$ cat input_13.cif   # mmCIF, C-alpha atoms and all ligand atoms
data_target
#
loop_
_atom_site.label_atom_id
_atom_site.label_comp_id
_atom_site.auth_asym_id
_atom_site.auth_seq_id
_atom_site.Cartn_x
_atom_site.Cartn_y
_atom_site.Cartn_z
CA MET Q 1 -71.51 45.78 33.14
CA PRO Q 2 -69.87 42.74 31.49
CA VAL Q 3 -66.28 43.03 30.26
CA ILE Q 4 -66.40 42.83 26.48
CA THR Q 5 -63.19 41.84 24.74
CA THR Q 6 -64.42 40.04 21.64
CA ILE Q 7 -67.36 39.99 19.23
CA ALA Q 8 -68.08 36.49 20.60
CA ASP Q 9 -68.80 38.06 24.02
CA LEU Q 10 -71.44 40.27 22.40
CA LYS Q 11 -72.88 37.33 20.50
CA ARG Q 12 -73.46 35.40 23.75
CA LEU Q 13 -75.33 38.37 25.26
CA HIS Q 14 -77.28 38.89 22.02
CA LYS Q 15 -78.51 35.30 22.19
CA ARG Q 16 -79.57 35.68 25.82
CA ARG Q 17 -81.46 38.97 25.33
CA THR Q 18 -83.18 38.71 21.93
CA PRO Q 19 -86.12 36.51 20.86
CA LYS Q 20 -84.98 33.31 19.24
CA MET Q 21 -86.59 34.09 15.87
CA PHE Q 22 -84.49 37.26 15.47
CA TYR Q 23 -81.26 35.84 16.86
CA ASP Q 24 -81.63 32.86 14.51
CA TYR Q 25 -82.45 35.20 11.61
CA ALA Q 26 -79.05 36.85 12.10
CA GLU Q 27 -76.99 33.81 12.99
CA SER Q 28 -77.81 31.63 10.05
CA GLY Q 29 -76.90 31.04 6.44
CA SER Q 30 -78.83 29.45 3.61
CA TRP Q 31 -79.33 25.70 3.19
CA THR Q 32 -76.33 23.73 4.55
CA GLU Q 33 -74.63 26.95 5.71
CA GLN Q 34 -71.36 25.88 4.05
CA THR Q 35 -70.64 29.38 2.69
CA PHE Q 36 -71.72 30.96 5.99
CA ARG Q 37 -69.17 28.77 7.83
CA GLU Q 38 -66.38 29.18 5.29
CA ASN Q 39 -66.71 32.98 5.30
CA THR Q 40 -65.17 32.88 8.77
CA SER Q 41 -63.03 29.73 8.61
CA ASP Q 42 -61.26 30.91 5.43
CA PHE Q 43 -60.15 34.08 7.21
CA ASP Q 44 -58.59 31.80 9.85
CA GLN Q 45 -56.42 30.09 7.23
CA ILE Q 46 -54.52 33.30 6.54
CA ARG Q 47 -51.71 34.13 8.98
CA PHE Q 48 -49.61 37.20 9.73
CA LYS Q 49 -45.85 37.68 9.54
CA GLN Q 50 -44.51 38.81 12.89
CA ARG Q 51 -42.04 41.67 12.46
CA VAL Q 52 -39.93 43.21 15.21
CA ALA Q 53 -37.85 46.29 15.94
CA VAL Q 54 -40.09 48.51 13.83
CA ASP Q 55 -41.18 51.94 15.10
CA MET Q 56 -44.82 51.59 16.25
CA THR Q 57 -45.49 55.21 17.12
CA ASN Q 58 -48.01 57.47 15.37
CA ARG Q 59 -50.23 54.78 13.95
CA ASN Q 60 -53.16 55.63 11.70
CA THR Q 61 -56.37 53.75 11.02
CA ALA Q 62 -58.21 56.66 9.37
CA SER Q 63 -58.88 56.32 5.69
CA GLN Q 64 -61.52 57.01 3.05
CA MET Q 65 -64.31 54.97 1.50
CA ILE Q 66 -65.67 56.41 -1.78
CA GLY Q 67 -63.90 59.65 -0.94
CA GLN Q 68 -65.59 60.01 2.47
CA ASN Q 69 -63.44 60.19 5.60
CA VAL Q 70 -63.70 57.21 7.94
CA ALA Q 71 -62.07 56.62 11.34
CA MET Q 72 -61.29 53.11 10.10
CA PRO Q 73 -62.30 51.46 6.82
CA VAL Q 74 -65.13 49.47 8.40
CA ALA Q 75 -68.73 50.42 7.57
CA LEU Q 76 -71.90 48.96 9.07
CA ALA Q 77 -73.49 46.71 6.44
CA PRO Q 78 -77.19 46.98 5.57
CA VAL Q 79 -79.09 44.53 7.77
CA GLY Q 80 -82.82 44.00 7.42
CA LEU Q 81 -84.97 43.95 10.58
CA THR Q 82 -82.24 45.58 12.65
CA GLY Q 83 -85.02 47.27 14.62
CA MET Q 84 -86.21 43.84 15.76
CA GLN Q 85 -82.85 42.93 17.35
CA CYS Q 86 -83.44 45.86 19.69
CA ALA Q 87 -86.10 48.61 19.74
CA ASP Q 88 -85.23 51.46 17.34
CA GLY Q 89 -82.17 49.42 16.36
CA GLU Q 90 -81.34 51.26 13.13
CA ILE Q 91 -81.33 54.63 14.92
CA LYS Q 92 -79.10 53.25 17.68
CA ALA Q 93 -76.67 51.64 15.24
CA ALA Q 94 -76.53 54.77 13.07
CA ARG Q 95 -75.77 56.91 16.12
CA ALA Q 96 -72.99 54.60 17.25
CA ALA Q 97 -71.49 54.64 13.73
CA GLU Q 98 -71.73 58.42 13.55
CA LYS Q 99 -69.97 58.89 16.89
CA PHE Q 100 -67.26 56.44 15.90
CA GLY Q 101 -66.78 58.03 12.49
CA VAL Q 102 -67.70 55.12 10.23
CA PRO Q 103 -70.48 54.88 7.61
CA PHE Q 104 -73.86 53.41 8.48
CA THR Q 105 -75.86 51.74 5.72
CA LEU Q 106 -79.63 51.58 6.16
CA SER Q 107 -81.37 48.57 4.58
CA THR Q 108 -84.51 48.89 2.45
CA MET Q 109 -85.90 46.21 4.78
CA SER Q 110 -85.26 48.22 7.92
CA ILE Q 111 -87.77 48.75 10.71
CA CYS Q 112 -86.88 52.43 11.28
CA SER Q 113 -87.52 54.41 8.11
CA ILE Q 114 -85.09 56.59 6.15
CA GLU Q 115 -86.78 59.61 7.75
CA ASP Q 116 -86.51 58.13 11.27
CA VAL Q 117 -82.75 57.68 10.90
CA ALA Q 118 -82.25 61.10 9.29
CA GLU Q 119 -84.18 62.84 12.08
CA ASN Q 120 -82.10 61.16 14.77
CA THR Q 121 -78.61 61.59 13.30
CA THR Q 122 -76.62 64.47 11.87
CA ASN Q 123 -74.12 62.88 9.47
CA PRO Q 124 -75.26 61.62 6.07
CA PHE Q 125 -75.69 57.84 5.93
CA TRP Q 126 -75.78 55.38 3.04
CA PHE Q 127 -78.99 53.78 1.86
CA GLN Q 128 -79.16 50.21 0.55
CA VAL Q 129 -81.59 49.55 -2.25
CA TYR Q 130 -83.30 46.33 -3.21
CA THR Q 131 -84.73 46.60 -6.68
CA LEU Q 132 -88.47 46.32 -6.78
CA LYS Q 133 -90.82 45.92 -9.71
CA ASP Q 134 -92.76 49.06 -8.83
CA ASP Q 135 -90.89 51.88 -10.58
CA ASP Q 136 -92.92 54.61 -8.89
CA PHE Q 137 -91.99 53.13 -5.54
CA MET Q 138 -88.30 53.10 -6.56
CA LYS Q 139 -88.48 56.75 -7.64
CA ARG Q 140 -90.14 57.73 -4.38
CA LEU Q 141 -87.53 55.73 -2.45
CA PHE Q 142 -84.72 57.64 -4.17
CA ASP Q 143 -86.50 60.96 -3.54
CA ARG Q 144 -86.83 60.07 0.13
CA ALA Q 145 -83.14 59.07 0.32
CA ARG Q 146 -82.17 62.35 -1.35
CA ALA Q 147 -84.38 64.35 1.02
CA ALA Q 148 -82.72 62.54 3.94
CA LYS Q 149 -79.32 63.61 2.52
CA CYS Q 150 -78.04 60.06 2.03
CA SER Q 151 -74.56 60.43 0.58
CA ALA Q 152 -74.52 57.17 -1.41
CA ILE Q 153 -76.74 54.28 -2.34
CA VAL Q 154 -75.72 50.65 -2.16
CA ILE Q 155 -77.55 48.56 -4.76
CA THR Q 156 -77.74 44.94 -3.70
CA LEU Q 157 -77.49 42.63 -6.69
CA ASP Q 158 -77.54 39.18 -5.10
CA LEU Q 159 -81.09 39.03 -3.75
CA GLN Q 160 -83.93 39.19 -6.26
CA ILE Q 161 -85.07 35.89 -4.83
CA MET Q 162 -84.28 34.77 -1.34
CA GLY Q 163 -81.99 31.90 -0.41
CA GLN Q 164 -83.77 29.57 1.98
CA ARG Q 165 -82.85 29.76 5.63
CA HIS Q 166 -84.43 26.80 7.33
CA LYS Q 167 -84.62 28.36 10.78
CA ASP Q 168 -86.67 31.35 9.56
CA LEU Q 169 -89.31 29.00 8.17
CA LYS Q 170 -89.36 26.88 11.31
CA ASN Q 171 -89.53 29.93 13.60
CA GLY Q 172 -92.24 31.64 11.51
CA LEU Q 173 -90.12 34.81 11.23
CA SER Q 174 -92.20 37.99 11.03
CA ALA Q 175 -91.98 41.62 12.10
CA PRO Q 176 -93.48 42.14 14.61
CA PRO Q 177 -93.48 38.51 15.84
CA LYS Q 178 -96.81 36.68 15.58
CA PHE Q 179 -98.06 35.16 18.78
CA THR Q 180 -97.77 31.38 18.80
CA ALA Q 181 -97.24 29.04 21.75
CA ALA Q 182 -93.52 28.87 20.95
CA SER Q 183 -93.02 32.62 20.46
CA ILE Q 184 -94.97 33.46 23.65
CA ALA Q 185 -92.89 30.99 25.67
CA ASP Q 186 -89.71 32.50 24.24
CA LEU Q 187 -90.82 36.13 24.70
CA ALA Q 188 -91.59 35.42 28.35
CA THR Q 189 -87.85 34.97 28.91
CA LYS Q 190 -86.88 38.07 26.89
CA TRP Q 191 -88.85 40.66 28.88
CA GLY Q 192 -86.15 43.37 28.64
CA TRP Q 193 -86.45 43.25 24.85
CA GLY Q 194 -90.26 43.22 25.09
CA ILE Q 195 -90.51 46.24 27.41
CA GLU Q 196 -88.34 48.35 25.10
CA MET Q 197 -90.30 47.17 22.08
CA LEU Q 198 -93.61 48.18 23.67
CA GLN Q 199 -92.21 51.70 24.11
CA THR Q 200 -91.55 52.29 20.42
CA ARG Q 201 -94.00 52.67 17.54
CA ARG Q 202 -91.36 51.34 15.12
CA ARG Q 203 -92.27 47.68 14.74
CA PHE Q 204 -93.00 47.29 11.01
CA PHE Q 205 -90.97 47.67 7.83
CA GLY Q 206 -90.67 51.46 8.02
CA ASN Q 207 -89.63 52.05 4.41
CA ILE Q 208 -92.40 49.87 3.02
CA VAL Q 209 -95.58 49.99 5.08
CA GLY Q 210 -97.65 52.92 3.86
CA HIS Q 211 -95.33 53.46 0.88
CA ALA Q 212 -95.70 50.34 -1.32
CA GLN Q 213 -98.85 49.02 -2.94
CA GLY Q 214 -100.12 45.52 -3.48
CA VAL Q 215 -98.39 43.89 -0.54
CA THR Q 216 -100.72 41.45 1.12
CA ASP Q 217 -98.67 40.60 4.21
CA PRO Q 218 -96.09 43.29 5.02
CA SER Q 219 -95.07 41.54 8.24
CA SER Q 220 -93.62 38.58 6.32
CA LEU Q 221 -90.22 39.19 4.84
CA ALA Q 222 -90.36 36.09 2.67
CA SER Q 223 -93.79 36.76 1.15
CA TRP Q 224 -92.94 40.41 0.59
CA ILE Q 225 -89.72 39.57 -1.24
CA ALA Q 226 -91.52 36.98 -3.35
CA GLU Q 227 -94.23 39.47 -4.35
CA ALA Q 228 -92.45 42.77 -4.75
CA PHE Q 229 -88.84 42.15 -5.80
CA ASP Q 230 -87.81 42.54 -9.43
CA HIS Q 231 -86.80 39.07 -10.65
CA ALA Q 232 -85.93 40.56 -14.03
CA LEU Q 233 -83.09 42.71 -12.65
CA ASP Q 234 -80.25 42.85 -15.20
CA TRP Q 235 -77.31 45.17 -15.96
CA ASP Q 236 -79.51 47.50 -18.04
CA ARG Q 237 -81.80 47.95 -15.08
CA VAL Q 238 -78.77 48.54 -12.83
CA ALA Q 239 -77.59 51.28 -15.22
CA GLN Q 240 -81.11 52.76 -15.21
CA LEU Q 241 -81.19 52.85 -11.41
CA MET Q 242 -77.73 54.42 -11.24
CA LYS Q 243 -78.95 57.15 -13.57
CA MET Q 244 -82.15 57.58 -11.56
CA TRP Q 245 -80.08 58.17 -8.39
CA ASP Q 246 -77.44 60.30 -10.10
CA GLY Q 247 -74.99 60.25 -7.16
CA PRO Q 248 -72.41 57.93 -5.59
CA VAL Q 249 -73.28 54.25 -6.08
CA ILE Q 250 -71.83 51.10 -4.53
CA LEU Q 251 -72.74 47.77 -6.14
CA LYS Q 252 -73.04 44.95 -3.61
CA GLY Q 253 -72.83 41.21 -4.04
CA ILE Q 254 -70.05 40.85 -6.63
CA MET Q 255 -68.30 37.47 -6.48
CA ASP Q 256 -67.19 36.99 -10.08
CA ALA Q 257 -64.46 38.75 -12.10
CA ASP Q 258 -66.73 39.27 -15.14
CA ASP Q 259 -69.45 40.80 -12.96
CA ALA Q 260 -66.80 43.01 -11.37
CA ARG Q 261 -65.68 44.23 -14.82
CA LYS Q 262 -69.29 44.96 -15.75
CA ALA Q 263 -69.84 46.93 -12.53
CA ALA Q 264 -66.64 48.91 -13.16
CA GLU Q 265 -67.69 49.64 -16.76
CA LEU Q 266 -71.01 51.04 -15.51
CA GLY Q 267 -69.05 53.54 -13.44
CA ALA Q 268 -69.82 52.32 -9.91
CA ASP Q 269 -67.93 54.25 -7.23
CA ALA Q 270 -67.19 50.98 -5.46
CA ILE Q 271 -68.12 47.32 -5.52
CA ILE Q 272 -68.59 45.06 -2.53
CA VAL Q 273 -67.21 41.55 -2.80
CA SER Q 274 -69.94 39.85 -0.82
CA ASN Q 275 -71.97 36.68 -0.73
CA HIS Q 276 -74.54 38.31 1.57
CA GLY Q 277 -72.91 36.72 4.62
CA GLY Q 278 -73.59 33.22 3.27
CA ARG Q 279 -77.33 33.87 3.20
CA GLN Q 280 -77.94 33.51 -0.53
CA LEU Q 281 -76.03 31.05 -2.76
CA ASP Q 282 -74.91 28.28 -0.44
CA GLY Q 283 -71.81 26.68 -1.98
CA ALA Q 284 -70.42 29.99 -3.25
CA LEU Q 285 -66.80 30.71 -2.31
CA SER Q 286 -66.13 32.71 0.81
CA SER Q 287 -65.68 36.37 -0.06
CA ILE Q 288 -62.07 36.49 1.16
CA ARG Q 289 -61.21 33.66 -1.26
CA ALA Q 290 -63.00 35.42 -4.11
CA LEU Q 291 -61.17 38.70 -3.47
CA PRO Q 292 -57.81 38.02 -5.22
CA ALA Q 293 -59.38 37.24 -8.63
CA ILE Q 294 -61.55 40.35 -8.40
CA MET Q 295 -58.57 42.52 -7.41
CA ASP Q 296 -56.70 41.16 -10.46
CA ALA Q 297 -59.66 41.96 -12.72
CA VAL Q 298 -60.66 45.45 -11.52
CA GLY Q 299 -58.38 46.51 -8.67
CA ASP Q 300 -57.02 49.40 -10.74
CA LYS Q 301 -60.43 50.44 -12.13
CA VAL Q 302 -62.82 50.64 -9.20
CA GLU Q 303 -62.66 50.80 -5.42
CA VAL Q 304 -63.10 47.30 -4.02
CA HIS Q 305 -64.78 46.69 -0.67
CA LEU Q 306 -65.46 43.37 1.04
CA ASP Q 307 -67.87 41.88 3.55
CA SER Q 308 -68.97 38.44 4.78
CA GLY Q 309 -67.26 36.69 7.65
CA ILE Q 310 -65.55 39.61 9.40
CA ARG Q 311 -65.61 39.00 13.14
CA SER Q 312 -62.43 40.80 14.21
CA GLY Q 313 -59.99 43.56 13.42
CA GLN Q 314 -57.57 40.86 12.29
CA ASP Q 315 -60.08 39.88 9.58
CA VAL Q 316 -60.33 43.52 8.52
CA LEU Q 317 -56.54 43.76 8.35
CA LYS Q 318 -56.36 40.64 6.16
CA ALA Q 319 -58.94 42.02 3.71
CA LEU Q 320 -57.16 45.38 3.52
CA ALA Q 321 -53.77 43.74 3.03
CA MET Q 322 -55.23 41.73 0.15
CA GLY Q 323 -56.28 44.94 -1.55
CA ALA Q 324 -59.74 45.90 -0.28
CA LYS Q 325 -60.07 49.63 0.33
CA GLY Q 326 -62.98 49.18 2.73
CA THR Q 327 -64.87 46.50 4.66
CA TYR Q 328 -68.31 46.06 6.22
CA ILE Q 329 -69.54 44.24 9.30
CA GLY Q 330 -73.01 42.72 9.46
CA ARG Q 331 -73.46 40.20 12.26
CA ALA Q 332 -70.60 41.68 14.31
CA PHE Q 333 -72.52 44.92 14.86
CA VAL Q 334 -75.88 43.14 15.14
CA ASN Q 335 -74.42 41.06 17.99
CA GLY Q 336 -73.49 44.30 19.71
CA LEU Q 337 -76.91 45.84 19.13
CA GLY Q 338 -78.80 42.76 20.32
CA ALA Q 339 -76.56 42.57 23.39
CA MET Q 340 -76.60 46.18 24.59
CA GLY Q 341 -78.21 48.54 22.07
CA GLU Q 342 -76.19 51.57 20.99
CA LYS Q 343 -73.51 50.85 23.61
CA GLY Q 344 -73.11 47.37 22.20
CA VAL Q 345 -72.56 48.65 18.65
CA THR Q 346 -69.96 51.08 19.99
CA SER Q 347 -68.39 48.20 21.84
CA ALA Q 348 -68.24 46.10 18.64
CA LEU Q 349 -66.56 48.97 16.80
CA GLU Q 350 -64.09 49.49 19.65
CA VAL Q 351 -63.17 45.81 19.76
CA ILE Q 352 -62.56 45.73 16.01
CA HIS Q 353 -60.64 49.00 16.00
CA LYS Q 354 -58.32 47.88 18.80
CA GLU Q 355 -57.67 44.53 17.16
CA LEU Q 356 -56.98 46.21 13.82
CA ASP Q 357 -54.65 48.82 15.28
CA LEU Q 358 -52.62 46.49 17.52
CA THR Q 359 -52.34 43.69 14.98
CA MET Q 360 -51.18 46.15 12.34
CA ALA Q 361 -48.49 47.36 14.76
CA LEU Q 362 -47.34 43.83 15.54
CA CYS Q 363 -47.01 43.24 11.80
CA GLY Q 364 -44.64 46.20 11.71
CA ARG Q 365 -47.01 48.64 9.99
CA ARG Q 366 -48.37 51.99 11.06
CA ASP Q 367 -50.91 53.06 8.44
CA VAL Q 368 -53.98 51.23 7.08
CA ASN Q 369 -53.52 53.09 3.81
CA THR Q 370 -50.17 51.53 2.96
CA LEU Q 371 -50.84 47.88 3.68
CA ASP Q 372 -49.98 45.10 1.25
CA LYS Q 373 -49.81 41.31 1.06
CA ASP Q 374 -46.29 41.33 2.52
CA ILE Q 375 -47.73 41.24 6.02
CA LEU Q 376 -49.63 38.02 5.28
CA LEU Q 377 -48.88 34.34 4.99
CA ILE Q 378 -51.47 33.04 2.52
CA PRO Q 379 -51.57 29.26 2.14
CA GLN Q 380 -50.65 27.96 -1.30
CA GLY Q 381 -53.71 27.36 -3.43
CA PHE Q 382 -55.86 29.53 -1.12
CA GLU Q 383 -58.01 30.70 -4.01
CA GLY Q 384 -58.54 27.04 -5.03
CA GLN Q 385 -58.11 25.32 -8.36
CA TRP Q 386 -61.58 25.44 -9.83
CA GLN Q 387 -62.59 24.63 -13.41
C1 LIG Q 401 -79.63 39.48 9.61
C2 LIG Q 401 -79.09 39.98 8.31
C3 LIG Q 401 -79.89 40.74 7.47
C4 LIG Q 401 -79.37 41.25 6.28
N1 LIG Q 401 -80.15 42.09 5.51
C5 LIG Q 401 -79.61 42.65 4.41
C6 LIG Q 401 -80.34 43.61 3.68
O1 LIG Q 401 -81.45 43.99 4.03
N2 LIG Q 401 -79.76 44.12 2.56
C7 LIG Q 401 -78.50 43.74 2.14
O2 LIG Q 401 -78.02 44.23 1.13
N3 LIG Q 401 -77.80 42.85 2.85
C8 LIG Q 401 -78.30 42.32 3.98
N4 LIG Q 401 -77.55 41.44 4.71
C9 LIG Q 401 -76.18 41.14 4.29
C10 LIG Q 401 -75.21 42.14 4.93
O3 LIG Q 401 -75.35 43.41 4.34
C11 LIG Q 401 -73.76 41.71 4.74
O4 LIG Q 401 -73.53 41.42 3.39
C12 LIG Q 401 -73.42 40.47 5.59
O5 LIG Q 401 -74.02 40.55 6.85
C13 LIG Q 401 -71.92 40.37 5.75
O6 LIG Q 401 -71.59 39.22 6.43
P1 LIG Q 401 -71.29 39.15 8.01
O7 LIG Q 401 -72.62 39.18 8.69
O8 LIG Q 401 -70.60 37.85 8.16
O9 LIG Q 401 -70.45 40.35 8.37
C14 LIG Q 401 -78.04 40.94 5.90
C15 LIG Q 401 -77.25 40.16 6.75
C16 LIG Q 401 -77.76 39.70 7.94
C17 LIG Q 401 -76.86 38.90 8.85
#
$ encode --input "input_13.cif" --output "C-alpha cells"
Amino acid sequence: MPVITTIADLKRLHKRRTPKMFYDYAESGSWTEQTFRENTSDFDQIRFKQRVAVDMTNRNTASQMIGQNVAMPVALAPVGLTGMQCADGEIKAARAAEKFGVPFTLSTMSICSIEDVAENTTNPFWFQVYTLKDDDFMKRLFDRARAAKCSAIVITLDLQIMGQRHKDLKNGLSAPPKFTAASIADLATKWGWGIEMLQTRRRFFGNIVGHAQGVTDPSSLASWIAEAFDHALDWDRVAQLMKMWDGPVILKGIMDADDARKAAELGADAIIVSNHGGRQLDGALSSIRALPAIMDAVGDKVEVHLDSGIRSGQDVLKALAMGAKGTYIGRAFVNGLGAMGEKGVTSALEVIHKELDLTMALCGRRDVNTLDKDILLIPQGFEGQWQ
C-alpha cells in the first residue's frame, strides 16, 4: 500500500493504472490550456500570514452548504465518465463522499445512472443537469432525480457547446473505448482496470442510453453533446428549469458579476464560480481571480461556491477566506478514484481535510465558518486591471 500524502501522489498512480484516453480526458484543458494552468498557479500566488501563540484546540471544519451539514465545505464536483476512470466509479466516489460526510454530485454524463447511485448509497446526493433540447427527456430526468431523492440539482451553464480538448480528439475518446491499435496496446498495460471493467455491466452513459431519443452514437461524448444539447439556453430557460425542479438549485459556471446578479435574482440557492476546470473558455480568468468581483456583486445575496484548480486543503482555505461558503474538487477526487477506487477517493478527501485543518491552525484560526481575508497575503493587483 503506497503512502499517500498529496493529491499529486494519487495523480501518479491514476496515470499508471488508467487507460491513456481517460487519464488524458481528466488531465487536460481546452485549446492552449492557459486557464487550466492558471486555475492552479493563481492559487499559488496567494500566501498565508503565519500567526503564533494562538490557542489551537477544539478546531472545527464542519459547516453547511445550501443548508446541508458537511464535514468540511468541499463537495465532489460533477465529472462525466467517472465510471471509466474505474469500474462503477460514480458509486465508489459517492460512497466515499457519504462516509466522509461531504456532498457527491452526479453528472448527467455519468456511466452509473441516477438509480445505480441511489441504490448503492443511503444519503441524498446532488444531481448535475446539462440542458438538453428534448423537454420530455428533461422532465423524465427530473422525475428520476426526485425518485432517487436527490436533495439539489446543479445546473451547468457553461457547456451548451464543448470547448475543444485536443487530446480527446487524438485519442478517439469514447465510452466504452473503441478498439484501435493504439487503444489495444495501451489497454494491454492496464489489465487491472480491464479486469474490473469486464466485471461490471456499467460501461455506457447510464443516464442517457435507453432514455434519450435520436442519438446516433451514444458512445461518443462529443457527437452526443453536439446533437442533443440545447444551444439556445438562456436565462428564461434557466428559470423554467428551476421551476420544473421546484427544489434547491445551484447554478454552475458563473464567472461574471452581471451573470452572478442574474443568478441571484432568479433565486438560486447557490452559485458556483467555475470555469469548468479550464475545459471550456480557454483564456478565461482563473476562478480564484474571478471570485473577489463576484463576492462584491452578490456575496450578501446568494451563497457563493467555487471550483477549478483546487488541489489541496490550502487551496480550499484560500477560497473560503476570500468569501466562498463552499468548494468542489473535480480532478483531485478523480485522481484518487483512478488510483485506488473508493479508497483513493477517501484518501483524497483525507489529504485535503488534513491540509485544511492544519493550515487553518497555523494561521491562528480554529473554525472554517469564521474565516476572512485577514489570514491571507494577496498580491497587489491579483484580480488584474482589465478593461
Ligand atoms: C474529466 C472531467 C469531466 C467533467 N465533467 C463535467 C460534467 O459532466 N458536468 C459538469 O458540470 N462539470 C464537469 N466537469 C467540471 C467539474 O465539475 C469541475 O467544474 C472542475 O473539475 C473543477 O476543476 P478541478 O478539476 O480543477 O477541480 C468535469 C471536469 C473534469 C475534469
$ residues_around --input "input_13.cif" --residues "region 230-245 of chain Q" --least-positions-apart "2" --cutoff "8 Å" --atoms "all atoms listed in the file" --output "PyMOL selection string"
chain Q and resi 131-133+139+142+153+160-161+228+247+249+266
$ residues_near_ligand --input "input_13.cif" --ligand "ligand LIG 401 (chain Q)" --cutoff "9 Å" --atoms "only C-alpha atoms and all ligand atoms" --output "PyMOL selection string"
chain Q and resi 22-29+36+39-40+76-82+105-110+128-130+154-159+252-253+272-279+306-311+328-334
$ residues_around --input "input_13.cif" --residues "Gly283 (chain Q)" --least-positions-apart "3" --cutoff "10 Å" --atoms "all atoms listed in the file" --output "ChimeraX atom specification"
/Q:30-36,38,278,280,286
$ residues_around --input "input_13.cif" --residues "Leu10 (chain Q)" --least-positions-apart "4" --cutoff "7 Å" --atoms "all atoms listed in the file" --output "list of chain:residue names"
Q:Ile4, Q:His14, Q:Asn335, Q:Gly336, Q:Ala339
$ residues_around --input "input_13.cif" --residues "region 59-74 of chain Q" --least-positions-apart "5" --cutoff "6 Å" --atoms "only C-alpha atoms" --output "ChimeraX atom specification"
/Q:101-102,326-328,366-368
$ atom_distance --input "input_13.cif" --atom1 "CA of Ala97 (chain Q)" --atom2 "CA of Gly210 (chain Q)"
28.0 Å
$ closest_residue --input "input_13.cif" --among "Q:Asp258, Q:His166, Q:Ala75, Q:Glu115" --to "Phe100 (chain Q)" --atoms "only C-alpha atoms"
Q:Ala75
$ closest_residue --input "input_13.cif" --among "Q:Ala324, Q:Ile375, Q:Ile352, Q:Ile288" --to "Ile7 (chain Q)" --atoms "all atoms listed in the file"
Q:Ile352
$ residues_around --input "input_13.cif" --residues "Asp55 (chain Q)" --least-positions-apart "2" --cutoff "10 Å" --atoms "only C-alpha atoms" --output "list in words"
Val52, Ala53, Thr57, Asn58, Arg59, Ala361, Gly364, Arg365 and Arg366 of chain Q
